[in-house]
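Data file: coords36.cif. Format and content: mmCIF, N, CA and C atoms.
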data_input
#
loop_
_atom_site.label_atom_id
_atom_site.label_comp_id
_atom_site.auth_asym_id
_atom_site.auth_seq_id
_atom_site.Cartn_x
_atom_site.Cartn_y
_atom_site.Cartn_z
N MET A 1 -39.93 -73.18 18.30
CA MET A 1 -39.43 -73.39 19.62
C MET A 1 -39.46 -74.87 20.00
N THR A 2 -40.43 -75.58 19.52
CA THR A 2 -40.54 -77.00 19.88
C THR A 2 -40.35 -77.91 18.67
N ARG A 3 -39.60 -77.45 17.70
CA ARG A 3 -39.35 -78.29 16.53
C ARG A 3 -38.41 -79.44 16.86
N ARG A 4 -38.51 -80.48 16.08
CA ARG A 4 -37.68 -81.66 16.26
C ARG A 4 -36.24 -81.36 15.83
N ALA A 5 -35.26 -81.93 16.52
CA ALA A 5 -33.85 -81.75 16.17
C ALA A 5 -33.57 -82.46 14.85
N GLU A 6 -32.96 -81.76 13.90
CA GLU A 6 -32.68 -82.32 12.58
C GLU A 6 -31.39 -83.14 12.60
N PRO A 7 -31.38 -84.33 11.97
CA PRO A 7 -30.15 -85.11 11.89
C PRO A 7 -29.18 -84.46 10.90
N ARG A 8 -27.87 -84.55 11.19
CA ARG A 8 -26.84 -83.98 10.32
C ARG A 8 -25.71 -84.97 10.13
N LYS A 9 -25.04 -84.89 8.97
CA LYS A 9 -23.89 -85.75 8.68
C LYS A 9 -22.63 -84.88 8.66
N ASN A 10 -21.50 -85.51 9.03
CA ASN A 10 -20.23 -84.79 8.94
C ASN A 10 -19.64 -85.00 7.55
N ASP A 11 -18.38 -84.58 7.33
CA ASP A 11 -17.74 -84.69 6.01
C ASP A 11 -17.53 -86.14 5.56
N GLN A 12 -17.38 -87.07 6.51
CA GLN A 12 -17.18 -88.48 6.18
C GLN A 12 -18.50 -89.23 5.99
N GLY A 13 -19.64 -88.57 6.18
CA GLY A 13 -20.93 -89.21 6.00
C GLY A 13 -21.49 -89.86 7.25
N LYS A 14 -20.82 -89.67 8.38
CA LYS A 14 -21.31 -90.24 9.64
C LYS A 14 -22.27 -89.26 10.30
N TRP A 15 -23.22 -89.82 11.01
CA TRP A 15 -24.22 -88.98 11.68
C TRP A 15 -23.61 -88.32 12.92
N LEU A 16 -23.88 -87.04 13.08
CA LEU A 16 -23.41 -86.29 14.24
C LEU A 16 -24.47 -86.32 15.33
N LYS A 17 -24.02 -86.20 16.58
CA LYS A 17 -24.97 -86.11 17.68
C LYS A 17 -25.68 -84.77 17.58
N ASN A 18 -27.00 -84.79 17.72
CA ASN A 18 -27.76 -83.55 17.60
C ASN A 18 -28.50 -83.19 18.88
N GLY A 19 -28.31 -83.97 19.93
CA GLY A 19 -28.98 -83.66 21.20
C GLY A 19 -30.48 -83.87 21.15
N ALA A 20 -30.94 -84.83 20.32
CA ALA A 20 -32.38 -85.05 20.15
C ALA A 20 -33.06 -85.43 21.46
N ALA A 21 -32.40 -86.24 22.29
CA ALA A 21 -33.02 -86.65 23.55
C ALA A 21 -33.20 -85.45 24.48
N ALA A 22 -32.18 -84.59 24.54
CA ALA A 22 -32.28 -83.39 25.38
C ALA A 22 -33.34 -82.45 24.83
N LYS A 23 -33.39 -82.33 23.52
CA LYS A 23 -34.37 -81.44 22.89
C LYS A 23 -35.79 -81.95 23.14
N SER A 24 -36.00 -83.27 23.09
CA SER A 24 -37.32 -83.83 23.34
C SER A 24 -37.78 -83.56 24.76
N GLY A 25 -36.85 -83.68 25.71
CA GLY A 25 -37.18 -83.38 27.11
C GLY A 25 -37.54 -81.93 27.30
N LEU A 26 -36.80 -81.05 26.62
CA LEU A 26 -37.09 -79.61 26.70
C LEU A 26 -38.46 -79.31 26.08
N ASN A 27 -38.76 -79.94 24.96
CA ASN A 27 -40.07 -79.74 24.31
C ASN A 27 -41.21 -80.12 25.24
N ARG A 28 -41.07 -81.28 25.91
CA ARG A 28 -42.11 -81.71 26.84
C ARG A 28 -42.28 -80.71 27.97
N ALA A 29 -41.19 -80.20 28.48
CA ALA A 29 -41.25 -79.24 29.58
C ALA A 29 -41.92 -77.94 29.15
N ILE A 30 -41.58 -77.46 27.96
CA ILE A 30 -42.17 -76.22 27.45
C ILE A 30 -43.67 -76.39 27.25
N LEU A 31 -44.06 -77.47 26.58
CA LEU A 31 -45.47 -77.66 26.29
C LEU A 31 -46.28 -77.94 27.54
N ASP A 32 -45.69 -78.62 28.50
CA ASP A 32 -46.40 -78.95 29.74
C ASP A 32 -46.54 -77.73 30.63
N LYS A 33 -45.48 -77.07 30.93
CA LYS A 33 -45.50 -75.95 31.88
C LYS A 33 -46.15 -74.70 31.30
N GLY A 34 -45.92 -74.45 30.03
CA GLY A 34 -46.45 -73.23 29.42
C GLY A 34 -47.97 -73.18 29.45
N TRP A 35 -48.62 -74.26 29.08
CA TRP A 35 -50.07 -74.27 29.04
C TRP A 35 -50.67 -74.28 30.44
N HIS A 36 -50.01 -74.95 31.36
CA HIS A 36 -50.51 -74.97 32.73
C HIS A 36 -50.48 -73.57 33.34
N GLN A 37 -49.39 -72.87 33.11
CA GLN A 37 -49.28 -71.52 33.67
C GLN A 37 -50.31 -70.59 33.02
N PHE A 38 -50.50 -70.72 31.72
CA PHE A 38 -51.50 -69.91 31.03
C PHE A 38 -52.89 -70.17 31.60
N GLU A 39 -53.20 -71.44 31.82
CA GLU A 39 -54.51 -71.80 32.38
C GLU A 39 -54.67 -71.24 33.79
N SER A 40 -53.62 -71.29 34.58
CA SER A 40 -53.68 -70.74 35.94
C SER A 40 -53.95 -69.24 35.93
N PHE A 41 -53.25 -68.51 35.08
CA PHE A 41 -53.46 -67.07 34.97
C PHE A 41 -54.88 -66.76 34.49
N LEU A 42 -55.34 -67.54 33.53
CA LEU A 42 -56.68 -67.32 32.98
C LEU A 42 -57.75 -67.53 34.05
N LYS A 43 -57.61 -68.59 34.85
CA LYS A 43 -58.55 -68.84 35.94
C LYS A 43 -58.54 -67.71 36.96
N TYR A 44 -57.35 -67.26 37.30
CA TYR A 44 -57.20 -66.19 38.28
C TYR A 44 -57.87 -64.91 37.78
N LYS A 45 -57.60 -64.53 36.55
CA LYS A 45 -58.16 -63.31 35.99
C LYS A 45 -59.68 -63.41 35.85
N ALA A 46 -60.17 -64.58 35.45
CA ALA A 46 -61.61 -64.78 35.29
C ALA A 46 -62.32 -64.69 36.64
N GLU A 47 -61.71 -65.26 37.66
CA GLU A 47 -62.29 -65.19 39.01
C GLU A 47 -62.42 -63.74 39.47
N ARG A 48 -61.37 -62.96 39.26
CA ARG A 48 -61.39 -61.55 39.66
C ARG A 48 -62.46 -60.77 38.90
N ALA A 49 -62.69 -61.14 37.64
CA ALA A 49 -63.67 -60.43 36.81
C ALA A 49 -65.07 -61.01 36.96
N GLY A 50 -65.22 -62.10 37.72
CA GLY A 50 -66.53 -62.71 37.90
C GLY A 50 -67.02 -63.46 36.67
N LYS A 51 -66.10 -64.00 35.90
CA LYS A 51 -66.44 -64.73 34.67
C LYS A 51 -66.25 -66.23 34.86
N ALA A 52 -66.92 -67.02 34.05
CA ALA A 52 -66.81 -68.48 34.09
C ALA A 52 -65.85 -68.97 33.02
N ILE A 53 -65.16 -70.06 33.30
CA ILE A 53 -64.25 -70.68 32.33
C ILE A 53 -64.72 -72.10 32.09
N PHE A 54 -64.76 -72.50 30.83
CA PHE A 54 -65.16 -73.86 30.45
C PHE A 54 -64.08 -74.45 29.57
N LYS A 55 -63.61 -75.64 29.92
CA LYS A 55 -62.65 -76.35 29.09
C LYS A 55 -63.43 -77.12 28.02
N VAL A 56 -63.05 -76.94 26.77
CA VAL A 56 -63.72 -77.61 25.66
C VAL A 56 -62.72 -78.52 24.97
N SER A 57 -63.09 -79.76 24.78
CA SER A 57 -62.23 -80.69 24.06
C SER A 57 -62.14 -80.26 22.59
N ALA A 58 -60.96 -80.35 22.02
CA ALA A 58 -60.76 -79.97 20.62
C ALA A 58 -61.27 -81.04 19.66
N TYR A 59 -61.68 -82.20 20.18
CA TYR A 59 -62.11 -83.32 19.35
C TYR A 59 -63.30 -82.92 18.48
N GLN A 60 -63.12 -82.99 17.18
CA GLN A 60 -64.12 -82.73 16.14
C GLN A 60 -64.70 -81.31 16.15
N THR A 61 -64.03 -80.36 16.76
CA THR A 61 -64.56 -78.99 16.73
C THR A 61 -64.50 -78.40 15.33
N SER A 62 -63.59 -78.88 14.49
CA SER A 62 -63.51 -78.35 13.13
C SER A 62 -64.60 -78.92 12.23
N GLN A 63 -65.32 -79.96 12.69
CA GLN A 63 -66.37 -80.57 11.88
C GLN A 63 -67.76 -80.27 12.42
N GLU A 64 -67.86 -79.62 13.57
CA GLU A 64 -69.16 -79.35 14.20
C GLU A 64 -69.68 -77.97 13.78
N CYS A 65 -70.94 -77.91 13.41
CA CYS A 65 -71.58 -76.65 13.02
C CYS A 65 -71.87 -75.81 14.27
N ALA A 66 -71.50 -74.55 14.22
CA ALA A 66 -71.73 -73.66 15.36
C ALA A 66 -73.21 -73.27 15.45
N ALA A 67 -73.95 -73.38 14.36
CA ALA A 67 -75.36 -72.99 14.36
C ALA A 67 -76.29 -74.11 14.84
N CYS A 68 -76.07 -75.34 14.34
CA CYS A 68 -77.01 -76.42 14.66
C CYS A 68 -76.38 -77.61 15.37
N SER A 69 -75.08 -77.59 15.60
CA SER A 69 -74.33 -78.65 16.29
C SER A 69 -74.22 -79.96 15.51
N HIS A 70 -74.52 -79.94 14.22
CA HIS A 70 -74.38 -81.14 13.39
C HIS A 70 -72.89 -81.39 13.15
N THR A 71 -72.44 -82.63 13.38
CA THR A 71 -71.03 -82.98 13.20
C THR A 71 -70.90 -84.03 12.11
N HIS A 72 -70.07 -83.71 11.09
CA HIS A 72 -69.82 -84.65 10.00
C HIS A 72 -68.52 -84.23 9.30
N PRO A 73 -67.69 -85.19 8.88
CA PRO A 73 -66.43 -84.84 8.20
C PRO A 73 -66.63 -84.03 6.92
N ASP A 74 -67.76 -84.22 6.24
CA ASP A 74 -68.01 -83.49 4.99
C ASP A 74 -68.30 -82.01 5.21
N ASN A 75 -68.56 -81.60 6.45
CA ASN A 75 -68.80 -80.18 6.74
C ASN A 75 -67.56 -79.35 6.48
N ARG A 76 -66.40 -79.93 6.67
CA ARG A 76 -65.13 -79.22 6.47
C ARG A 76 -64.70 -79.39 5.03
N ILE A 77 -65.05 -78.43 4.19
CA ILE A 77 -64.78 -78.52 2.75
C ILE A 77 -63.28 -78.47 2.47
N SER A 78 -62.60 -77.51 3.06
CA SER A 78 -61.16 -77.36 2.87
C SER A 78 -60.56 -76.88 4.18
N GLN A 79 -59.28 -76.55 4.13
CA GLN A 79 -58.59 -76.08 5.34
C GLN A 79 -59.24 -74.82 5.90
N SER A 80 -59.77 -73.96 5.02
CA SER A 80 -60.30 -72.68 5.49
C SER A 80 -61.82 -72.53 5.34
N SER A 81 -62.49 -73.47 4.71
CA SER A 81 -63.93 -73.33 4.45
C SER A 81 -64.75 -74.35 5.23
N PHE A 82 -65.89 -73.88 5.74
CA PHE A 82 -66.82 -74.74 6.45
C PHE A 82 -68.21 -74.53 5.88
N HIS A 83 -68.92 -75.63 5.59
CA HIS A 83 -70.30 -75.55 5.10
C HIS A 83 -71.08 -76.72 5.70
N CYS A 84 -72.11 -76.41 6.50
CA CYS A 84 -72.93 -77.45 7.13
C CYS A 84 -73.86 -78.08 6.11
N GLY A 85 -73.88 -79.41 6.09
CA GLY A 85 -74.74 -80.13 5.16
C GLY A 85 -76.20 -80.15 5.58
N ILE A 86 -76.52 -79.83 6.82
CA ILE A 86 -77.90 -79.86 7.31
C ILE A 86 -78.56 -78.48 7.22
N CYS A 87 -77.97 -77.50 7.89
CA CYS A 87 -78.63 -76.18 7.94
C CYS A 87 -78.10 -75.19 6.91
N GLY A 88 -76.97 -75.50 6.24
CA GLY A 88 -76.44 -74.62 5.22
C GLY A 88 -75.55 -73.50 5.74
N HIS A 89 -75.24 -73.50 7.03
CA HIS A 89 -74.37 -72.47 7.62
C HIS A 89 -73.01 -72.51 6.95
N THR A 90 -72.51 -71.36 6.50
CA THR A 90 -71.21 -71.25 5.86
C THR A 90 -70.37 -70.23 6.59
N ALA A 91 -69.11 -70.58 6.86
CA ALA A 91 -68.21 -69.66 7.56
C ALA A 91 -66.76 -70.09 7.36
N ASN A 92 -65.87 -69.24 7.83
CA ASN A 92 -64.47 -69.62 7.87
C ASN A 92 -64.36 -70.76 8.90
N ALA A 93 -63.60 -71.79 8.57
CA ALA A 93 -63.54 -72.98 9.42
C ALA A 93 -62.98 -72.67 10.82
N ASP A 94 -62.00 -71.80 10.91
CA ASP A 94 -61.45 -71.46 12.21
C ASP A 94 -62.44 -70.68 13.07
N LEU A 95 -63.15 -69.76 12.46
CA LEU A 95 -64.15 -68.98 13.21
C LEU A 95 -65.30 -69.87 13.65
N ASN A 96 -65.71 -70.79 12.81
CA ASN A 96 -66.79 -71.71 13.17
C ASN A 96 -66.38 -72.59 14.33
N ALA A 97 -65.16 -73.10 14.33
CA ALA A 97 -64.69 -73.98 15.39
C ALA A 97 -64.54 -73.23 16.71
N ALA A 98 -64.18 -71.96 16.63
CA ALA A 98 -64.01 -71.16 17.86
C ALA A 98 -65.36 -70.88 18.48
#

Let me see the structure of the file written as structure tokens.
Amino acid sequence: MTRRAEPRKNDQGKWLKNGAAAKSGLNRAILDKGWHQFESFLKYKAERAGKAIFKVSAYQTSQECAACSHTHPDNRISQSSFHCGICGHTANADLNAA
């Protein structure tokens, strides 16, 4: 939905207009409004249910251990594997980050 517009050439080898500027504006609108509306609904539903919401920065969450909070780039062995160098906690990297 938010992919970049691909450049194309015509039969003579000239570049065709692809509407990249319009597509970029649409992408910004989708990404901006969609997440804001989701956050609004989530806050509303949590309030009704008596639950708390906490915003967590995504910065280094894939490198932080869920068990001991140790953060290091070597903790992330591969795209799907996580192993803490301090406490030895091993898990799927996505589950650990969540």

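For A:Cys87, the residues within 8 Å (counting only N, CA and C atoms, excluding itself and residues fewer than 6 positions away along the chain) are A:Ala67, A:Cys68, A:His70.
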
**OP:** In Å, rounded to a single decimal, give me how far atom CA of A:Arg76 is from atom CA of A:Gln60.
**Re:** 10.3 Å

Original post:
How would you write, as a PyMOL selection string, the set of residues in chain A that DSSP gives as helix (DSSP H, G or I)?
Top reply: chain A and resi 20-49+73-75+93-97

Take the residues from that selection and write them out as a JSON list (two decimals), keeping the file's coordinate frame, keeping N, CA and C atoms.
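Generated output (selection-v4.json):
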[["chain", "number", "residue", "atom", "x", "y", "z"],
["A", 20, "ALA", "N", -30.94, -84.83, 20.32],
["A", 20, "ALA", "CA", -32.38, -85.05, 20.15],
["A", 20, "ALA", "C", -33.06, -85.43, 21.46],
["A", 21, "ALA", "N", -32.40, -86.24, 22.29],
["A", 21, "ALA", "CA", -33.02, -86.65, 23.55],
["A", 21, "ALA", "C", -33.20, -85.45, 24.48],
["A", 22, "ALA", "N", -32.18, -84.59, 24.54],
["A", 22, "ALA", "CA", -32.28, -83.39, 25.38],
["A", 22, "ALA", "C", -33.34, -82.45, 24.83],
["A", 23, "LYS", "N", -33.39, -82.33, 23.52],
["A", 23, "LYS", "CA", -34.37, -81.44, 22.89],
["A", 23, "LYS", "C", -35.79, -81.95, 23.14],
["A", 24, "SER", "N", -36.00, -83.27, 23.09],
["A", 24, "SER", "CA", -37.32, -83.83, 23.34],
["A", 24, "SER", "C", -37.78, -83.56, 24.76],
["A", 25, "GLY", "N", -36.85, -83.68, 25.71],
["A", 25, "GLY", "CA", -37.18, -83.38, 27.11],
["A", 25, "GLY", "C", -37.54, -81.93, 27.30],
["A", 26, "LEU", "N", -36.80, -81.05, 26.62],
["A", 26, "LEU", "CA", -37.09, -79.61, 26.70],
["A", 26, "LEU", "C", -38.46, -79.31, 26.08],
["A", 27, "ASN", "N", -38.76, -79.94, 24.96],
["A", 27, "ASN", "CA", -40.07, -79.74, 24.31],
["A", 27, "ASN", "C", -41.21, -80.12, 25.24],
["A", 28, "ARG", "N", -41.07, -81.28, 25.91],
["A", 28, "ARG", "CA", -42.11, -81.71, 26.84],
["A", 28, "ARG", "C", -42.28, -80.71, 27.97],
["A", 29, "ALA", "N", -41.19, -80.20, 28.48],
["A", 29, "ALA", "CA", -41.25, -79.24, 29.58],
["A", 29, "ALA", "C", -41.92, -77.94, 29.15],
["A", 30, "ILE", "N", -41.58, -77.46, 27.96],
["A", 30, "ILE", "CA", -42.17, -76.22, 27.45],
["A", 30, "ILE", "C", -43.67, -76.39, 27.25],
["A", 31, "LEU", "N", -44.06, -77.47, 26.58],
["A", 31, "LEU", "CA", -45.47, -77.66, 26.29],
["A", 31, "LEU", "C", -46.28, -77.94, 27.54],
["A", 32, "ASP", "N", -45.69, -78.62, 28.50],
["A", 32, "ASP", "CA", -46.40, -78.95, 29.74],
["A", 32, "ASP", "C", -46.54, -77.73, 30.63],
["A", 33, "LYS", "N", -45.48, -77.07, 30.93],
["A", 33, "LYS", "CA", -45.50, -75.95, 31.88],
["A", 33, "LYS", "C", -46.15, -74.70, 31.30],
["A", 34, "GLY", "N", -45.92, -74.45, 30.03],
["A", 34, "GLY", "CA", -46.45, -73.23, 29.42],
["A", 34, "GLY", "C", -47.97, -73.18, 29.45],
["A", 35, "TRP", "N", -48.62, -74.26, 29.08],
["A", 35, "TRP", "CA", -50.07, -74.27, 29.04],
["A", 35, "TRP", "C", -50.67, -74.28, 30.44],
["A", 36, "HIS", "N", -50.01, -74.95, 31.36],
["A", 36, "HIS", "CA", -50.51, -74.97, 32.73],
["A", 36, "HIS", "C", -50.48, -73.57, 33.34],
["A", 37, "GLN", "N", -49.39, -72.87, 33.11],
["A", 37, "GLN", "CA", -49.28, -71.52, 33.67],
["A", 37, "GLN", "C", -50.31, -70.59, 33.02],
["A", 38, "PHE", "N", -50.50, -70.72, 31.72],
["A", 38, "PHE", "CA", -51.50, -69.91, 31.03],
["A", 38, "PHE", "C", -52.89, -70.17, 31.60],
["A", 39, "GLU", "N", -53.20, -71.44, 31.82],
["A", 39, "GLU", "CA", -54.51, -71.80, 32.38],
["A", 39, "GLU", "C", -54.67, -71.24, 33.79],
["A", 40, "SER", "N", -53.62, -71.29, 34.58],
["A", 40, "SER", "CA", -53.68, -70.74, 35.94],
["A", 40, "SER", "C", -53.95, -69.24, 35.93],
["A", 41, "PHE", "N", -53.25, -68.51, 35.08],
["A", 41, "PHE", "CA", -53.46, -67.07, 34.97],
["A", 41, "PHE", "C", -54.88, -66.76, 34.49],
["A", 42, "LEU", "N", -55.34, -67.54, 33.53],
["A", 42, "LEU", "CA", -56.68, -67.32, 32.98],
["A", 42, "LEU", "C", -57.75, -67.53, 34.05],
["A", 43, "LYS", "N", -57.61, -68.59, 34.85],
["A", 43, "LYS", "CA", -58.55, -68.84, 35.94],
["A", 43, "LYS", "C", -58.54, -67.71, 36.96],
["A", 44, "TYR", "N", -57.35, -67.26, 37.30],
["A", 44, "TYR", "CA", -57.20, -66.19, 38.28],
["A", 44, "TYR", "C", -57.87, -64.91, 37.78],
["A", 45, "LYS", "N", -57.60, -64.53, 36.55],
["A", 45, "LYS", "CA", -58.16, -63.31, 35.99],
["A", 45, "LYS", "C", -59.68, -63.41, 35.85],
["A", 46, "ALA", "N", -60.17, -64.58, 35.45],
["A", 46, "ALA", "CA", -61.61, -64.78, 35.29],
["A", 46, "ALA", "C", -62.32, -64.69, 36.64],
["A", 47, "GLU", "N", -61.71, -65.26, 37.66],
["A", 47, "GLU", "CA", -62.29, -65.19, 39.01],
["A", 47, "GLU", "C", -62.42, -63.74, 39.47],
["A", 48, "ARG", "N", -61.37, -62.96, 39.26],
["A", 48, "ARG", "CA", -61.39, -61.55, 39.66],
["A", 48, "ARG", "C", -62.46, -60.77, 38.90],
["A", 49, "ALA", "N", -62.69, -61.14, 37.64],
["A", 49, "ALA", "CA", -63.67, -60.43, 36.81],
["A", 49, "ALA", "C", -65.07, -61.01, 36.96],
["A", 73, "PRO", "N", -67.69, -85.19, 8.88],
["A", 73, "PRO", "CA", -66.43, -84.84, 8.20],
["A", 73, "PRO", "C", -66.63, -84.03, 6.92],
["A", 74, "ASP", "N", -67.76, -84.22, 6.24],
["A", 74, "ASP", "CA", -68.01, -83.49, 4.99],
["A", 74, "ASP", "C", -68.30, -82.01, 5.21],
["A", 75, "ASN", "N", -68.56, -81.60, 6.45],
["A", 75, "ASN", "CA", -68.80, -80.18, 6.74],
["A", 75, "ASN", "C", -67.56, -79.35, 6.48],
["A", 93, "ALA", "N", -63.60, -71.79, 8.57],
["A", 93, "ALA", "CA", -63.54, -72.98, 9.42],
["A", 93, "ALA", "C", -62.98, -72.67, 10.82],
["A", 94, "ASP", "N", -62.00, -71.80, 10.91],
["A", 94, "ASP", "CA", -61.45, -71.46, 12.21],
["A", 94, "ASP", "C", -62.44, -70.68, 13.07],
["A", 95, "LEU", "N", -63.15, -69.76, 12.46],
["A", 95, "LEU", "CA", -64.15, -68.98, 13.21],
["A", 95, "LEU", "C", -65.30, -69.87, 13.65],
["A", 96, "ASN", "N", -65.71, -70.79, 12.81],
["A", 96, "ASN", "CA", -66.79, -71.71, 13.17],
["A", 96, "ASN", "C", -66.38, -72.59, 14.33],
["A", 97, "ALA", "N", -65.16, -73.10, 14.33],
["A", 97, "ALA", "CA", -64.69, -73.98, 15.39],
["A", 97, "ALA", "C", -64.54, -73.23, 16.71]]

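One finds atom C of A:Ala58 at 16.9 Å from atom N of A:His83.
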
**OP:** From the DSSP assignment of the backbone, select every residue of chain A that is strand (DSSP E or B), and format the answer as a list in words.
**Re:**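 Taking chain A and keeping strand (DSSP E or B) only, one gets Lys9, Trp15, Glu64, Thr71, Arg76, Ser81, Phe82, His83, Thr90, Ala91 and Asn92 of chain A.
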
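Every protein, DNA or RNA residue with an atom at most 8 Å from A:Ala98, where all atoms listed in the file count and chain neighbours fewer than 2 positions away do not, is listed here: Thr61, Ser62, Ala66, Asn92, Ala93, Asp94, Leu95 and Asn96 of chain A.
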
**OP:** Would you please work out which residue, of A:Cys65, A:Ala29, A:Ala52, A:Leu16, is nearest to A:His89 when using only N, CA and C atoms?
**Re:** A:Cys65

Can you tell me, as lines of an AutoDock Vina configuration file, the centre and edge lengths (Å, one decimal) of the axis-aligned box enclosing all of stretch 61-65 of chain A's listed atoms after padding each side by 4 Å?
center_x = -67.7
center_y = -78.2
center_z = 14.3
size_x = 16.4
size_y = 12.8
size_z = 12.9

Subject >> Two-atom distance - atom CA of A:Trp35, atom CA of A:Ala49 (Å) >> reply: 20.9 Å
